[in-house]
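Down below is the structure, laid out as structure tokens.
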Amino acid sequence: MAVDMRLPTARKLISLPGSLSNAEGKHLVVPGDVITSDTGFMRGHGTYMDDEKLTASVAGEVERVNKLICVKPLKTRFNGEVGDVVVGRITEVQQKRWKVETNSRLDSVLLLSSVNLPGGELRRRSAEDELSMRDYLQEGDLISAEVQSVFSDGALSLHTRSLKYGKLGQGVLVQVSPSLVKRQKTHFHNLPCGASIILGNNGFLWLYPTPGHQDEEAGGYYTSLEPVALSDREVISRLRNCLLALAAHKVLLYDTSVLYCYESSLSHQIKDILKPETMDEIVMETRQRLLDQEG
Amino acid sequence: VPADRKRVRGPEESQCPLLFLPPAAQTAEPREPRAGRGNGEVRPLFARCGLVSQAKGSSYLEAGNTKILCSVYGPREPERRDEAGVRSGRLLCDLRLAPFSCGKRGAWIQGSGERDLSLALSESLHPAVCLHRYPRAQIEVNVMVLENDGSVLAHAVTCASMALADAGIEMYDVVLGSALRQDGGASLVDPDLAEERGNWLAGYEENRGGVTLSLLPNLNQVSGLHADGELRADTLSAAVRTCMESCHKLYPVVQQAILRAVKRKAPPPEK
Amino acid sequence: MATVQVSEAEKVYIMHGVRDDLRVDGRGCEDYRHMEVETDVVSNTDGSAKVSLGHTDVLVGIKAEIGKPKPAVPNEGYVEFFVDCSANATPEFEGRGGEELGVELSNTLYKVFNNRHSLDLRSLCICPGEHCWVLYIDVLLLQCDGNLFDAMSVAIKAALFNTRIPKVQVSEDEEGGKEIELSDDPYDCMRLDVTNVPCIVTLSKIGHRHVVDATLQEKACSVASLLISITHKGLVTCVRKLGVGSLDPDSIFEMTEVRNTGTEHPVQTHTRTHTHTHTYIYISEHYSYFFI
């Protein structure tokens, strides 16, 4: 039994030199700030033209690609693009489609025709399939999927037509801001510390025990309810707390940063990682290692 | 709180005349301790099912001077569709104390105390009702306390479970309620109103409080537990044990009352 | 209450974790998340405190006003609780959505304080039968991340400790009329004795074990929980079964009884919580002096 109580002011004394210096080099704006009055630029997302002046409409960082100026909001819902890997939760079962919460503006759609059903890819979708949709995925279930297309209103259409996507079994979901997930070639990692992670572009991160063998027949809709070994649990819980610590200090999340953080947390107990001072220490160490590796 | 404009109300603030008795008269009030029953004995219980002909099921319960009427409506289509669960039904419980039921006149509008009792009632009944058998439906349990002479919640639970049984709602078990008042060393089972209040005004000793427990007797599961006051941990567990025992004592009475109602409904035997 | 959706597989994972005494965030079954207590946070109140427990944030403000004692107890003041579930905490509380939960929480608080020792109400009496102090304890939920009851009780205890009630003098004029005079000196005030103010510990039953300080996800896996409010002496002032499930009598005894089995017991847990609360309330109080 442990009750850890403290005063909030104790934490504020520790400053974070790393994050401050990072912010200084960036051009940050708030809505209404004039970015430039030069008419030679093109208006991008997050800006509007006012009296020939390019003005920001969101708070965030100014990005310039040749003549195009955008403002990228740092804290936002997920703006999906085709090909993004997402983790989402089923909110509703409808006619021939599921509604999926993916941290975007509107609920995403997963059509019955864009999932792999047990029995092979070329199976026809029958009326029975339509009636038994809830047997595959029901409200509350988690899935991993890929963005297939974006509708005109901004809603996403998802698909799971690959064996790596599908229903998620036992594991832990961690939610962070989508802007903290680094875009990479692959978002599925089997970490050497003994667990696997799906870094969804939408900020939903899924930690799960590394599967021993892939059951191909089930088409990704089979979930094992066997107890997970205690050692795997420890790794997953540690990774979960590391992810939250990194997110709290706004460190980009990708396999290396997660792994470094995991390694520097090993000297602490799992439950202590989220204490502010431990969090500071671990994240500092991770940052240092990432800097060393880069340069 | 919206004002109750429909009825002519009394003066803005009125007090019960008993409060203005001289202090000497208040304490000198001769009262037979426990009206001749032992500390562990419950008051004689009268229970019948099926009094309200309009309701799907109903019951009436009398324990000493505590009189409770309960009616059950449903399962039926809920008025507001969005509130019903897809996979299991909803159990709505509403407990009201009639304005004349207590020493002090109450309001017709449900007060926060009644809302609290309704919630406690609902939490105590919930585990017993097979709500998954009634998806999208709602079941309404209305309890009216006609006279409050202590142990209201406990008897309301018993009464409501009888009404649910009478209405033919699927249940895992009946729910029995029992209350206990701890006054120093004495544990009084099924306290009446005077005992429930205790000599709250006079005493500052520790270890006094009230416990109400609801039990599913056959499954041996506690579906509700409410205690307040000040109790030592060992007294509390002893109180819980005593309450469970007195629930078991109630069981045959409740069982008989339900069976009686079932027999009456059954068609006459063919010759 | 703010609810989260949890899939069946996640539930299984959480339940097995509780069985192995390793919860999703690395805590054991009897570990609290780390808690922050800050007192004297709102200047317009007579006493205030803010507690954050994980992402649960509770702000308590106490105001003392002069009122008339209740006729049944003429020589005591009284306490009024009000819990507001702000729509800031979760969109579910918008409009009247938070009302039900607010009433439930405040009714529980009345039960928790429904005894003679938690607060010495006689000290709130100014003039028997005529004037007394009424303490309005307003609880504001700023963020919900499970375990509202425990966080709320710690915040109330801290705020009561922080409360300063101005001293008053009752003077009688020739006609026998009484006049109340408030002391001019802001430091001439009365403090409340909070040693007996109880703390709430909520135990949620998950599988065959129970955990303290359940997160929203864990709450979704638990059908029933037992709320116990307890003073530093180990006196239970309120017990309440919460949720739609039922509990085994044995697990109730296990949750409430003190037994000499060598393992740490919930009641000891509660008392421990208490001591911690005390220490930190004291520290936070002294700490705030530095800034005055």
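Going by the structure tokens order, chains are called A, B, ..., each with residues numbered from 1, while ligands are numbered from 1 in the order shown.
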
Can I get the residues of chain B within 6 Å of chain C, each with the closest pair of atoms and their distance in Å to one decimal, using only C-alpha atoms, sorted chain first then ascending number, as JSON lines?
```
{"residue": "B:Glu123", "atom": "CA", "partner": "C:Val244", "partner_atom": "CA", "distance": 5.4}
{"residue": "B:His126", "atom": "CA", "partner": "C:Val244", "partner_atom": "CA", "distance": 5.5}
{"residue": "B:Pro127", "atom": "CA", "partner": "C:Gly245", "partner_atom": "CA", "distance": 5.0}
{"residue": "B:Gln221", "atom": "CA", "partner": "C:Asp248", "partner_atom": "CA", "distance": 4.9}
{"residue": "B:Val222", "atom": "CA", "partner": "C:Leu247", "partner_atom": "CA", "distance": 5.1}
{"residue": "B:Ser223", "atom": "CA", "partner": "C:Ser246", "partner_atom": "CA", "distance": 4.2}
{"residue": "B:Gly224", "atom": "CA", "partner": "C:Lys241", "partner_atom": "CA", "distance": 5.6}
{"residue": "B:Leu225", "atom": "CA", "partner": "C:Lys241", "partner_atom": "CA", "distance": 5.2}
{"residue": "B:His226", "atom": "CA", "partner": "C:Arg240", "partner_atom": "CA", "distance": 4.5}
{"residue": "B:Ala227", "atom": "CA", "partner": "C:Val239", "partner_atom": "CA", "distance": 4.7}
{"residue": "B:Asp228", "atom": "CA", "partner": "C:Cys238", "partner_atom": "CA", "distance": 4.2}
{"residue": "B:Gly229", "atom": "CA", "partner": "C:Asn115", "partner_atom": "CA", "distance": 4.9}
{"residue": "B:Glu230", "atom": "CA", "partner": "C:Thr237", "partner_atom": "CA", "distance": 4.5}
{"residue": "B:Leu231", "atom": "CA", "partner": "C:Val236", "partner_atom": "CA", "distance": 5.0}
{"residue": "B:Arg232", "atom": "CA", "partner": "C:Leu235", "partner_atom": "CA", "distance": 4.8}
{"residue": "B:Ala233", "atom": "CA", "partner": "C:Glu257", "partner_atom": "CA", "distance": 5.7}
```

Okay, now the selection with C-alpha atoms, as a compact mmCIF listing (two decimals), in the first residue's frame?
```
# COMPACT_ATOMS: atom_id res chain seq x y z
CA GLU B 123 -28.68 -0.40 -6.46
CA HIS B 126 -30.32 -4.34 -9.67
CA PRO B 127 -28.17 -7.42 -9.00
CA GLN B 221 -24.85 -12.31 -2.10
CA VAL B 222 -25.11 -8.89 -0.52
CA SER B 223 -26.76 -6.58 -3.00
CA GLY B 224 -26.82 -3.46 -0.90
CA LEU B 225 -25.03 -2.15 2.14
CA HIS B 226 -25.52 1.28 3.67
CA ALA B 227 -24.17 2.39 6.97
CA ASP B 228 -23.73 5.72 8.63
CA GLY B 229 -22.98 7.07 12.07
CA GLU B 230 -19.83 5.96 13.81
CA LEU B 231 -19.01 2.30 14.05
CA ARG B 232 -15.92 0.33 14.92
CA ALA B 233 -14.86 -2.07 12.21
```

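Using only C-alpha atoms, the protein and nucleic acid residues lying no more than 9 Å from Ser58 of chain B, apart from those fewer than 6 places from it along its own chain, are Arg48, Cys49, Gly50, Leu51, Val52, Leu69, Cys70, Ser71, Val72, Tyr73, Cys159, Ala160, Met162, Ala163, Leu164, Ala165, Asp166 and Ala167 of chain B.
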
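Counting only C-alpha atoms, segment 287-291 of chain A has the following residues at most 9 Å away, ignoring those fewer than 3 positions along the same chain: Gly18, Val251, Thr256, Ser257, Tyr260, Cys261, Ile282, Val283, Met284, Glu294 and Gly295 of chain A.
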
- [ ] Enumerate as a ChimeraX atom specification the residues belonging to chain C that approach chain A to within 7 Å, with only C-alpha atoms taken into account.
- [x] /C:5-7,9-10,12-13,16,24-27,30-32,34-38,269,273,276,280,284

Could you write out that same residue set with N, CA and C atoms as a PDB file, in the first residue's frame?
```
ATOM      1  N   GLN C   5     -15.481   3.475 -22.784  1.00  0.00           N
ATOM      2  CA  GLN C   5     -15.770   2.168 -23.349  1.00  0.00           C
ATOM      3  C   GLN C   5     -14.535   1.298 -23.261  1.00  0.00           C
ATOM      4  N   VAL C   6     -14.730   0.046 -22.938  1.00  0.00           N
ATOM      5  CA  VAL C   6     -13.621  -0.886 -22.834  1.00  0.00           C
ATOM      6  C   VAL C   6     -14.053  -2.169 -23.529  1.00  0.00           C
ATOM      7  N   SER C   7     -13.213  -2.687 -24.397  1.00  0.00           N
ATOM      8  CA  SER C   7     -13.585  -3.910 -25.110  1.00  0.00           C
ATOM      9  C   SER C   7     -13.432  -5.116 -24.198  1.00  0.00           C
ATOM     10  N   ALA C   9     -11.771  -7.840 -24.550  1.00  0.00           N
ATOM     11  CA  ALA C   9     -10.392  -8.319 -24.388  1.00  0.00           C
ATOM     12  C   ALA C   9      -9.617  -7.426 -23.426  1.00  0.00           C
ATOM     13  N   GLU C  10      -9.865  -6.114 -23.500  1.00  0.00           N
ATOM     14  CA  GLU C  10      -9.190  -5.208 -22.565  1.00  0.00           C
ATOM     15  C   GLU C  10      -9.606  -5.514 -21.139  1.00  0.00           C
ATOM     16  N   VAL C  12     -10.571  -8.384 -19.943  1.00  0.00           N
ATOM     17  CA  VAL C  12      -9.905  -9.613 -19.522  1.00  0.00           C
ATOM     18  C   VAL C  12      -8.471  -9.293 -19.106  1.00  0.00           C
ATOM     19  N   TYR C  13      -7.823  -8.440 -19.894  1.00  0.00           N
ATOM     20  CA  TYR C  13      -6.441  -8.083 -19.579  1.00  0.00           C
ATOM     21  C   TYR C  13      -6.364  -7.389 -18.211  1.00  0.00           C
ATOM     22  N   HIS C  16      -7.105  -9.974 -15.298  1.00  0.00           N
ATOM     23  CA  HIS C  16      -5.979 -10.861 -15.003  1.00  0.00           C
ATOM     24  C   HIS C  16      -4.850 -10.096 -14.326  1.00  0.00           C
ATOM     25  N   VAL C  24      -2.594  -2.101 -14.803  1.00  0.00           N
ATOM     26  CA  VAL C  24      -2.121  -1.597 -16.095  1.00  0.00           C
ATOM     27  C   VAL C  24      -1.061  -0.510 -15.929  1.00  0.00           C
ATOM     28  N   ASP C  25      -1.212   0.335 -14.909  1.00  0.00           N
ATOM     29  CA  ASP C  25      -0.227   1.400 -14.745  1.00  0.00           C
ATOM     30  C   ASP C  25       0.884   1.004 -13.777  1.00  0.00           C
ATOM     31  N   GLY C  26       1.022  -0.282 -13.517  1.00  0.00           N
ATOM     32  CA  GLY C  26       2.163  -0.736 -12.716  1.00  0.00           C
ATOM     33  C   GLY C  26       1.900  -0.746 -11.235  1.00  0.00           C
ATOM     34  N   ARG C  27       0.717  -0.276 -10.809  1.00  0.00           N
ATOM     35  CA  ARG C  27       0.440  -0.247  -9.383  1.00  0.00           C
ATOM     36  C   ARG C  27       0.021  -1.617  -8.893  1.00  0.00           C
ATOM     37  N   GLU C  30      -3.291  -2.226  -3.905  1.00  0.00           N
ATOM     38  CA  GLU C  30      -3.549  -1.271  -2.830  1.00  0.00           C
ATOM     39  C   GLU C  30      -2.708  -0.009  -2.947  1.00  0.00           C
ATOM     40  N   ASP C  31      -2.361   0.350  -4.158  1.00  0.00           N
ATOM     41  CA  ASP C  31      -1.596   1.578  -4.361  1.00  0.00           C
ATOM     42  C   ASP C  31      -2.495   2.677  -4.900  1.00  0.00           C
ATOM     43  N   TYR C  32      -2.283   3.846  -4.379  1.00  0.00           N
ATOM     44  CA  TYR C  32      -2.953   5.017  -4.927  1.00  0.00           C
ATOM     45  C   TYR C  32      -2.100   5.614  -6.033  1.00  0.00           C
ATOM     46  N   HIS C  34      -0.488   9.026  -7.646  1.00  0.00           N
ATOM     47  CA  HIS C  34       0.113  10.055  -6.818  1.00  0.00           C
ATOM     48  C   HIS C  34      -0.822  11.254  -6.724  1.00  0.00           C
ATOM     49  N   MET C  35      -0.834  11.829  -5.555  1.00  0.00           N
ATOM     50  CA  MET C  35      -1.853  12.818  -5.239  1.00  0.00           C
ATOM     51  C   MET C  35      -1.195  14.144  -4.913  1.00  0.00           C
ATOM     52  N   GLU C  36      -1.803  15.218  -5.366  1.00  0.00           N
ATOM     53  CA  GLU C  36      -1.275  16.539  -5.035  1.00  0.00           C
ATOM     54  C   GLU C  36      -2.325  17.323  -4.264  1.00  0.00           C
ATOM     55  N   VAL C  37      -1.898  17.927  -3.188  1.00  0.00           N
ATOM     56  CA  VAL C  37      -2.821  18.694  -2.358  1.00  0.00           C
ATOM     57  C   VAL C  37      -2.329  20.130  -2.279  1.00  0.00           C
ATOM     58  N   GLU C  38      -3.224  21.060  -2.491  1.00  0.00           N
ATOM     59  CA  GLU C  38      -2.854  22.461  -2.389  1.00  0.00           C
ATOM     60  C   GLU C  38      -3.975  23.147  -1.607  1.00  0.00           C
ATOM     61  N   THR C 269      -4.879   0.359   5.606  1.00  0.00           N
ATOM     62  CA  THR C 269      -4.676   1.188   4.439  1.00  0.00           C
ATOM     63  C   THR C 269      -5.338   2.534   4.630  1.00  0.00           C
ATOM     64  N   THR C 273      -3.726   6.166   4.852  1.00  0.00           N
ATOM     65  CA  THR C 273      -4.117   7.266   3.976  1.00  0.00           C
ATOM     66  C   THR C 273      -4.307   8.513   4.790  1.00  0.00           C
ATOM     67  N   HIS C 276      -1.181  10.143   6.053  1.00  0.00           N
ATOM     68  CA  HIS C 276      -0.564  10.851   4.937  1.00  0.00           C
ATOM     69  C   HIS C 276      -1.283  12.151   4.679  1.00  0.00           C
ATOM     70  N   TYR C 280       0.335  15.893   4.905  1.00  0.00           N
ATOM     71  CA  TYR C 280       0.464  16.766   3.757  1.00  0.00           C
ATOM     72  C   TYR C 280      -0.388  18.008   3.872  1.00  0.00           C
ATOM     73  N   SER C 284       1.241  21.507   3.498  1.00  0.00           N
ATOM     74  CA  SER C 284       0.788  22.453   2.490  1.00  0.00           C
ATOM     75  C   SER C 284       0.373  23.756   3.154  1.00  0.00           C
TER      76      SER C 284
END
```

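Distance check against Ile198 of chain A using only C-alpha atoms: of A:Leu246, A:Asn116, A:Ser37, A:Ser144, the minimum falls on A:Ser144.
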